[in-house]
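The file work.cif contains mmCIF, C-alpha atoms:
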```cif
data_model
#
loop_
_atom_site.group_PDB
_atom_site.id
_atom_site.type_symbol
_atom_site.label_atom_id
_atom_site.label_comp_id
_atom_site.auth_asym_id
_atom_site.auth_seq_id
_atom_site.Cartn_x
_atom_site.Cartn_y
_atom_site.Cartn_z
ATOM 1 C CA MET A 1 -48.372 -53.703 -57.492
ATOM 2 C CA LYS A 2 -47.458 -55.985 -54.579
ATOM 3 C CA VAL A 3 -43.877 -54.701 -54.646
ATOM 4 C CA LEU A 4 -45.130 -51.094 -54.502
ATOM 5 C CA SER A 5 -47.446 -51.933 -51.597
ATOM 6 C CA LYS A 6 -44.599 -53.622 -49.707
ATOM 7 C CA LYS A 7 -42.292 -50.662 -50.328
ATOM 8 C CA LEU A 8 -44.974 -48.233 -49.201
ATOM 9 C CA ALA A 9 -45.671 -50.296 -46.083
ATOM 10 C CA SER A 10 -41.944 -50.500 -45.353
ATOM 11 C CA LEU A 11 -41.585 -46.746 -45.795
ATOM 12 C CA CYS A 12 -44.549 -46.090 -43.476
ATOM 13 C CA ILE A 13 -43.127 -48.403 -40.817
ATOM 14 C CA SER A 14 -39.703 -46.764 -41.085
ATOM 15 C CA ALA A 15 -41.199 -43.281 -40.825
ATOM 16 C CA SER A 16 -43.267 -44.341 -37.817
ATOM 17 C CA LEU A 17 -40.190 -45.714 -36.078
ATOM 18 C CA ILE A 18 -38.258 -42.514 -36.720
ATOM 19 C CA VAL A 19 -41.092 -40.394 -35.337
ATOM 20 C CA ALA A 20 -41.587 -42.686 -32.343
ATOM 21 C CA THR A 21 -37.916 -42.835 -31.414
ATOM 22 C CA SER A 22 -37.359 -39.111 -31.942
ATOM 23 C CA ALA A 23 -40.016 -38.461 -29.302
ATOM 24 C CA LEU A 24 -38.158 -40.502 -26.687
ATOM 25 C CA ALA A 25 -36.185 -38.703 -24.023
ATOM 26 C CA GLN A 26 -32.474 -38.488 -24.609
ATOM 27 C CA PRO A 27 -30.157 -38.157 -21.602
ATOM 28 C CA ALA A 28 -28.145 -34.972 -21.272
ATOM 29 C CA LYS A 29 -24.550 -35.573 -22.357
ATOM 30 C CA SER A 30 -22.928 -33.359 -19.727
ATOM 31 C CA GLU A 31 -23.777 -30.965 -16.923
ATOM 32 C CA LYS A 32 -23.301 -28.054 -19.330
ATOM 33 C CA HIS A 33 -25.764 -29.679 -21.757
ATOM 34 C CA ALA A 34 -28.216 -30.349 -18.898
ATOM 35 C CA ASN A 35 -28.042 -26.735 -17.717
ATOM 36 C CA TYR A 36 -28.505 -25.357 -21.230
ATOM 37 C CA THR A 37 -31.500 -27.550 -22.034
ATOM 38 C CA THR A 38 -33.007 -26.724 -18.638
ATOM 39 C CA GLU A 39 -32.716 -23.006 -19.431
ATOM 40 C CA LEU A 40 -34.452 -23.533 -22.774
ATOM 41 C CA ARG A 41 -37.235 -25.606 -21.192
ATOM 42 C CA GLN A 42 -37.733 -23.005 -18.460
ATOM 43 C CA SER A 43 -37.935 -20.257 -21.088
ATOM 44 C CA ILE A 44 -40.972 -21.933 -22.626
ATOM 45 C CA PHE A 45 -42.708 -22.114 -19.251
ATOM 46 C CA LYS A 46 -41.817 -18.513 -18.340
ATOM 47 C CA LEU A 47 -43.364 -17.339 -21.599
ATOM 48 C CA LEU A 48 -46.446 -19.480 -20.951
ATOM 49 C CA GLY A 49 -46.784 -17.887 -17.509
ATOM 50 C CA SER A 50 -46.362 -14.371 -18.838
ATOM 51 C CA ASN A 51 -49.151 -14.956 -21.365
ATOM 52 C CA MET A 52 -51.426 -16.523 -18.745
ATOM 53 C CA GLY A 53 -51.071 -13.590 -16.318
ATOM 54 C CA ALA A 54 -53.369 -11.173 -18.125
ATOM 55 C CA LEU A 55 -55.794 -13.951 -19.034
ATOM 56 C CA GLY A 56 -56.107 -15.003 -15.400
ATOM 57 C CA ALA A 57 -56.742 -11.409 -14.368
ATOM 58 C CA MET A 58 -59.471 -11.135 -17.018
ATOM 59 C CA ALA A 59 -61.096 -14.396 -15.952
ATOM 60 C CA LYS A 60 -61.157 -13.220 -12.314
ATOM 61 C CA GLY A 61 -62.636 -9.858 -13.297
ATOM 62 C CA LYS A 62 -59.578 -7.907 -12.117
ATOM 63 C CA ILE A 63 -59.231 -6.307 -15.539
ATOM 64 C CA PRO A 64 -61.725 -6.022 -18.398
ATOM 65 C CA ILE A 65 -61.736 -8.732 -21.037
ATOM 66 C CA ASP A 66 -59.905 -7.553 -24.129
ATOM 67 C CA VAL A 67 -60.614 -9.998 -26.953
ATOM 68 C CA THR A 68 -57.583 -8.822 -28.917
ATOM 69 C CA VAL A 69 -55.271 -9.667 -26.006
ATOM 70 C CA VAL A 70 -57.111 -12.924 -25.337
ATOM 71 C CA GLU A 71 -56.730 -14.084 -28.924
ATOM 72 C CA LYS A 72 -53.083 -12.972 -29.141
ATOM 73 C CA ASN A 73 -52.141 -14.663 -25.858
ATOM 74 C CA ALA A 74 -54.128 -17.792 -26.711
ATOM 75 C CA LYS A 75 -52.230 -18.106 -29.998
ATOM 76 C CA ARG A 76 -48.933 -17.624 -28.188
ATOM 77 C CA ILE A 77 -49.859 -20.231 -25.564
ATOM 78 C CA ASN A 78 -50.844 -22.636 -28.315
ATOM 79 C CA GLN A 79 -47.557 -22.164 -30.161
ATOM 80 C CA LEU A 80 -45.545 -22.510 -26.955
ATOM 81 C CA SER A 81 -47.486 -25.608 -25.943
ATOM 82 C CA LEU A 82 -46.480 -27.219 -29.232
ATOM 83 C CA MET A 83 -42.821 -26.698 -28.231
ATOM 84 C CA ILE A 84 -43.004 -28.325 -24.799
ATOM 85 C CA ALA A 85 -42.268 -31.851 -25.997
ATOM 86 C CA ASP A 86 -39.235 -30.743 -28.011
ATOM 87 C CA TYR A 87 -37.752 -28.687 -25.183
ATOM 88 C CA SER A 88 -38.458 -31.375 -22.564
ATOM 89 C CA ARG A 89 -36.946 -34.214 -24.565
ATOM 90 C CA THR A 90 -33.519 -34.015 -22.917
ATOM 91 C CA ASP A 91 -33.554 -35.914 -19.623
ATOM 92 C CA THR A 92 -31.585 -33.800 -17.159
ATOM 93 C CA SER A 93 -32.385 -35.942 -14.118
ATOM 94 C CA LYS A 94 -28.815 -37.267 -13.749
ATOM 95 C CA PHE A 95 -27.443 -33.771 -13.153
ATOM 96 C CA ALA A 96 -27.887 -31.212 -10.370
ATOM 97 C CA VAL A 97 -29.672 -28.574 -12.435
ATOM 98 C CA ASP A 98 -31.657 -25.711 -10.924
ATOM 99 C CA THR A 99 -35.204 -26.718 -11.820
ATOM 100 C CA GLU A 100 -38.664 -27.185 -10.362
ATOM 101 C CA ALA A 101 -39.359 -29.970 -12.852
ATOM 102 C CA LEU A 102 -39.802 -33.415 -11.382
ATOM 103 C CA ASN A 103 -37.916 -36.354 -12.881
ATOM 104 C CA LYS A 104 -41.362 -37.839 -13.457
ATOM 105 C CA ILE A 105 -41.380 -35.948 -16.790
ATOM 106 C CA TRP A 106 -38.963 -38.545 -18.168
ATOM 107 C CA GLN A 107 -40.199 -41.456 -16.056
ATOM 108 C CA GLU A 108 -43.828 -41.122 -17.179
ATOM 109 C CA PRO A 109 -43.652 -39.737 -20.717
ATOM 110 C CA ALA A 110 -47.160 -40.871 -21.676
ATOM 111 C CA LEU A 111 -48.698 -38.871 -18.824
ATOM 112 C CA PHE A 112 -46.520 -35.853 -19.643
ATOM 113 C CA LYS A 113 -47.574 -36.066 -23.290
ATOM 114 C CA SER A 114 -51.231 -36.331 -22.247
ATOM 115 C CA ASP A 115 -50.960 -33.254 -20.036
ATOM 116 C CA THR A 116 -49.226 -31.348 -22.838
ATOM 117 C CA GLU A 117 -51.955 -32.381 -25.297
ATOM 118 C CA GLN A 118 -54.579 -31.030 -22.891
ATOM 119 C CA LEU A 119 -52.878 -27.626 -22.952
ATOM 120 C CA ILE A 120 -52.699 -27.696 -26.750
ATOM 121 C CA GLN A 121 -56.419 -28.475 -26.981
ATOM 122 C CA ALA A 122 -57.403 -25.960 -24.294
ATOM 123 C CA SER A 123 -55.444 -23.191 -26.006
ATOM 124 C CA GLN A 124 -57.091 -24.031 -29.340
ATOM 125 C CA LYS A 125 -60.492 -23.734 -27.662
ATOM 126 C CA LEU A 126 -59.467 -20.379 -26.215
ATOM 127 C CA ILE A 127 -58.527 -19.078 -29.665
ATOM 128 C CA ILE A 128 -62.015 -20.006 -30.895
ATOM 129 C CA ALA A 129 -63.649 -18.565 -27.774
ATOM 130 C CA ALA A 130 -61.861 -15.231 -28.277
ATOM 131 C CA GLN A 131 -63.320 -15.003 -31.751
ATOM 132 C CA SER A 132 -66.833 -15.428 -30.309
ATOM 133 C CA ASN A 133 -66.646 -12.096 -28.414
ATOM 134 C CA ASP A 134 -68.727 -13.774 -25.695
ATOM 135 C CA ASN A 135 -67.222 -12.978 -22.283
ATOM 136 C CA ALA A 136 -68.774 -16.023 -20.595
ATOM 137 C CA VAL A 137 -67.388 -18.338 -23.276
ATOM 138 C CA ILE A 138 -63.999 -16.633 -23.062
ATOM 139 C CA LYS A 139 -63.853 -16.917 -19.252
ATOM 140 C CA LYS A 140 -64.748 -20.600 -19.422
ATOM 141 C CA ALA A 141 -62.037 -21.226 -22.043
ATOM 142 C CA ILE A 142 -59.455 -19.326 -19.974
ATOM 143 C CA GLY A 143 -60.439 -21.573 -17.072
ATOM 144 C CA GLY A 144 -59.807 -24.597 -19.297
ATOM 145 C CA VAL A 145 -56.286 -23.408 -20.077
ATOM 146 C CA GLY A 146 -55.666 -22.696 -16.396
ATOM 147 C CA LYS A 147 -56.942 -26.137 -15.442
ATOM 148 C CA SER A 148 -54.626 -27.829 -17.947
ATOM 149 C CA CYS A 149 -51.666 -25.806 -16.633
ATOM 150 C CA GLY A 150 -52.543 -26.723 -13.051
ATOM 151 C CA GLY A 151 -52.902 -30.399 -13.901
ATOM 152 C CA CYS A 152 -49.431 -30.503 -15.367
ATOM 153 C CA HIS A 153 -48.030 -28.556 -12.390
ATOM 154 C CA ASP A 154 -49.632 -31.056 -10.025
ATOM 155 C CA ASN A 155 -48.017 -33.950 -11.861
ATOM 156 C CA PHE A 156 -44.638 -32.586 -12.892
ATOM 157 C CA LYS A 157 -43.625 -29.511 -10.862
ATOM 158 C CA LYS A 158 -42.113 -29.410 -7.383
ATOM 159 C CA GLU A 159 -44.309 -27.823 -4.748
#
```

Rewritten as C-alpha coordinates:
Amino acid sequence: MKVLSKKLASLCISASLIVATSALAQPAKSEKHANYTTELRQSIFKLLGSNMGALGAMAKGKIPIDVTVVEKNAKRINQLSLMIADYSRTDTSKFAVDTEALNKIWQEPALFKSDTEQLIQASQKLIIAAQSNDNAVIKKAIGGVGKSCGGCHDNFKKE
(Lines of atoms letter the chains of each structure in order from A and count residues from 1; the text may use other names and numbers.)
(Lines give C-alpha, C1' and ligand atoms only; values in the text may rest on other atoms or scores of the structure.)
Protein backbone atom coordinates (compact mmCIF):
# COMPACT_ATOMS: atom_id res chain seq x y z
CA MET A 1 0.00 0.00 0.00
CA LYS A 2 2.90 2.35 0.78
CA VAL A 3 4.41 1.69 -2.65
CA LEU A 4 1.08 2.54 -4.32
CA SER A 5 0.78 5.74 -2.27
CA LYS A 6 4.33 6.77 -3.21
CA LYS A 7 3.68 6.05 -6.89
CA LEU A 8 0.44 8.00 -6.78
CA ALA A 9 2.14 10.92 -5.03
CA SER A 10 4.98 10.82 -7.56
CA LEU A 11 2.49 10.78 -10.43
CA CYS A 12 0.58 13.73 -8.95
CA ILE A 13 3.78 15.73 -8.49
CA SER A 14 4.89 14.95 -12.04
CA ALA A 15 1.51 15.95 -13.46
CA SER A 16 1.56 19.17 -11.44
CA LEU A 17 5.01 20.04 -12.75
CA ILE A 18 3.93 19.41 -16.34
CA VAL A 19 0.86 21.61 -15.92
CA ALA A 20 2.83 24.33 -14.14
CA THR A 21 5.64 24.44 -16.68
CA SER A 22 3.29 24.28 -19.67
CA ALA A 23 1.67 27.47 -18.42
CA LEU A 24 4.96 29.37 -18.45
CA ALA A 25 5.67 31.76 -21.28
CA GLN A 26 7.89 30.44 -24.02
CA PRO A 27 9.94 32.91 -26.08
CA ALA A 28 9.15 33.20 -29.76
CA LYS A 29 11.75 31.32 -31.81
CA SER A 30 11.92 33.80 -34.68
CA GLU A 31 10.34 37.00 -35.95
CA LYS A 32 8.06 34.92 -38.19
CA HIS A 33 6.96 32.89 -35.15
CA ALA A 34 6.44 36.09 -33.12
CA ASN A 35 4.31 37.65 -35.87
CA TYR A 36 2.21 34.51 -36.30
CA THR A 37 1.53 34.09 -32.58
CA THR A 38 0.73 37.80 -32.31
CA GLU A 39 -1.85 37.43 -35.09
CA LEU A 40 -3.45 34.49 -33.29
CA ARG A 41 -3.51 36.35 -29.96
CA GLN A 42 -5.02 39.43 -31.61
CA SER A 43 -7.69 37.26 -33.24
CA ILE A 44 -8.94 36.20 -29.82
CA PHE A 45 -9.19 39.82 -28.68
CA LYS A 46 -10.89 40.96 -31.91
CA LEU A 47 -13.52 38.27 -31.44
CA LEU A 48 -13.96 39.28 -27.79
CA GLY A 49 -14.49 42.89 -28.89
CA SER A 50 -16.97 41.95 -31.59
CA ASN A 51 -19.04 40.01 -29.05
CA MET A 52 -18.87 42.83 -26.50
CA GLY A 53 -20.10 45.48 -28.97
CA ALA A 54 -23.77 44.51 -28.94
CA LEU A 55 -23.69 43.79 -25.21
CA GLY A 56 -22.31 47.25 -24.48
CA ALA A 57 -25.00 48.83 -26.63
CA MET A 58 -27.66 46.87 -24.73
CA ALA A 59 -26.23 47.84 -21.35
CA LYS A 60 -26.24 51.52 -22.36
CA GLY A 61 -29.82 51.30 -23.63
CA LYS A 62 -28.83 52.04 -27.24
CA ILE A 63 -30.52 48.85 -28.40
CA PRO A 64 -33.08 46.64 -26.66
CA ILE A 65 -31.82 43.75 -24.57
CA ASP A 66 -32.13 40.51 -26.51
CA VAL A 67 -31.57 37.62 -24.10
CA THR A 68 -30.81 35.22 -26.95
CA VAL A 69 -27.97 37.45 -28.17
CA VAL A 70 -26.78 38.08 -24.61
CA GLU A 71 -26.56 34.38 -23.84
CA LYS A 72 -24.92 33.54 -27.18
CA ASN A 73 -22.33 36.32 -26.86
CA ALA A 74 -21.69 35.52 -23.20
CA LYS A 75 -20.96 31.89 -24.11
CA ARG A 76 -18.64 33.02 -26.89
CA ILE A 77 -16.83 35.43 -24.56
CA ASN A 78 -16.47 32.67 -22.00
CA GLN A 79 -15.01 30.25 -24.54
CA LEU A 80 -12.65 32.89 -25.91
CA SER A 81 -11.56 33.90 -22.42
CA LEU A 82 -10.53 30.30 -21.79
CA MET A 83 -8.19 30.56 -24.80
CA ILE A 84 -6.37 33.73 -23.74
CA ALA A 85 -3.69 31.97 -21.70
CA ASP A 86 -2.89 29.52 -24.50
CA TYR A 87 -2.65 32.21 -27.17
CA SER A 88 -0.64 34.56 -24.94
CA ARG A 89 1.90 31.95 -23.88
CA THR A 90 4.46 32.85 -26.54
CA ASP A 91 6.54 35.82 -25.38
CA THR A 92 6.98 38.06 -28.42
CA SER A 93 8.65 40.91 -26.53
CA LYS A 94 12.08 40.35 -28.14
CA PHE A 95 10.71 41.07 -31.62
CA ALA A 96 9.28 44.19 -33.28
CA VAL A 97 5.74 42.88 -33.75
CA ASP A 98 2.76 45.12 -34.47
CA THR A 99 0.85 44.87 -31.19
CA GLU A 100 -0.82 46.96 -28.51
CA ALA A 101 0.07 44.34 -25.90
CA LEU A 102 2.52 45.43 -23.25
CA ASN A 103 5.49 43.22 -22.42
CA LYS A 104 4.06 43.20 -18.90
CA ILE A 105 1.94 40.21 -20.01
CA TRP A 106 5.06 38.04 -19.80
CA GLN A 107 6.76 39.99 -17.01
CA GLU A 108 3.80 39.70 -14.61
CA PRO A 109 2.12 36.40 -15.49
CA ALA A 110 0.31 36.07 -12.15
CA LEU A 111 -1.45 39.41 -12.66
CA PHE A 112 -2.27 38.53 -16.27
CA LYS A 113 -3.70 35.19 -15.15
CA SER A 114 -5.74 36.94 -12.45
CA ASP A 115 -7.18 39.41 -14.95
CA THR A 116 -8.00 36.56 -17.34
CA GLU A 117 -9.71 34.62 -14.53
CA GLN A 118 -11.86 37.67 -13.78
CA LEU A 119 -13.10 37.68 -17.38
CA ILE A 120 -13.82 33.95 -17.22
CA GLN A 121 -15.85 34.41 -14.03
CA ALA A 122 -17.64 37.54 -15.28
CA SER A 123 -18.65 35.81 -18.50
CA GLN A 124 -19.96 32.82 -16.54
CA LYS A 125 -22.07 35.20 -14.45
CA LEU A 126 -23.38 36.80 -17.64
CA ILE A 127 -24.47 33.42 -19.00
CA ILE A 128 -26.47 32.84 -15.81
CA ALA A 129 -27.84 36.39 -15.86
CA ALA A 130 -29.08 35.94 -19.45
CA GLN A 131 -31.04 32.91 -18.36
CA SER A 132 -32.78 34.99 -15.67
CA ASN A 133 -34.53 37.21 -18.27
CA ASP A 134 -34.13 40.07 -15.79
CA ASN A 135 -32.86 43.16 -17.63
CA ALA A 136 -31.39 44.75 -14.49
CA VAL A 137 -29.47 41.57 -13.67
CA ILE A 138 -28.31 41.28 -17.28
CA LYS A 139 -27.12 44.90 -17.42
CA LYS A 140 -25.19 44.47 -14.18
CA ALA A 141 -23.54 41.28 -15.49
CA ILE A 142 -22.63 42.98 -18.78
CA GLY A 143 -21.05 45.72 -16.68
CA GLY A 144 -19.03 43.06 -14.85
CA VAL A 145 -17.67 41.71 -18.13
CA GLY A 146 -16.88 45.24 -19.30
CA LYS A 147 -15.11 46.00 -16.03
CA SER A 148 -12.96 42.88 -16.32
CA CYS A 149 -12.06 43.78 -19.91
CA GLY A 150 -11.16 47.32 -18.87
CA GLY A 151 -9.04 46.12 -15.97
CA CYS A 152 -6.97 43.95 -18.26
CA HIS A 153 -6.68 46.79 -20.81
CA ASP A 154 -5.46 49.11 -18.06
CA ASN A 155 -2.78 46.63 -17.04
CA PHE A 156 -1.69 45.09 -20.33
CA LYS A 157 -2.67 47.23 -23.34
CA LYS A 158 -0.90 50.29 -24.70
CA GLU A 159 -2.87 53.51 -24.43

Fewer than 6 positions away in the same chain doesn't count, so skip those; otherwise give me all residues within 8 Å of Gln124 of chain A, counting all atoms listed in the file, as number ranges by chain. A: 74-75, 78

Could you tell me which residues the PyMOL selection byres ((chain A and resi 126) around 9) grabs in this file, written as number ranges by chain? A: 70-71, 74-75, 121-125, 127-131, 137-142, 144-145

Report as a PyMOL selection string the full result of the PyMOL selection byres ((chain A and resi 98-111) around 7) when it is applied to this structure. chain A and resi 25+91+93+96-97+112-115+156-158

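Minimum atom-to-atom distance to Ile44 of chain A, evaluated using only C-alpha atoms, belongs to A:Gln79 out of A:Thr68, A:Gln79, A:Ser30, A:Gln118.
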
For atom CA of Asn73 of chain A and atom CA of Gly49 of chain A, quote the distance in Å rounded to one decimal.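 If I compute the distance from atom CA of Asn73 of chain A to atom CA of Gly49 of chain A, I get 10.4 Å.
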
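Of note, atom CA of Ser148 of chain A and atom CA of Phe95 of chain A are spaced 28.2 Å apart.
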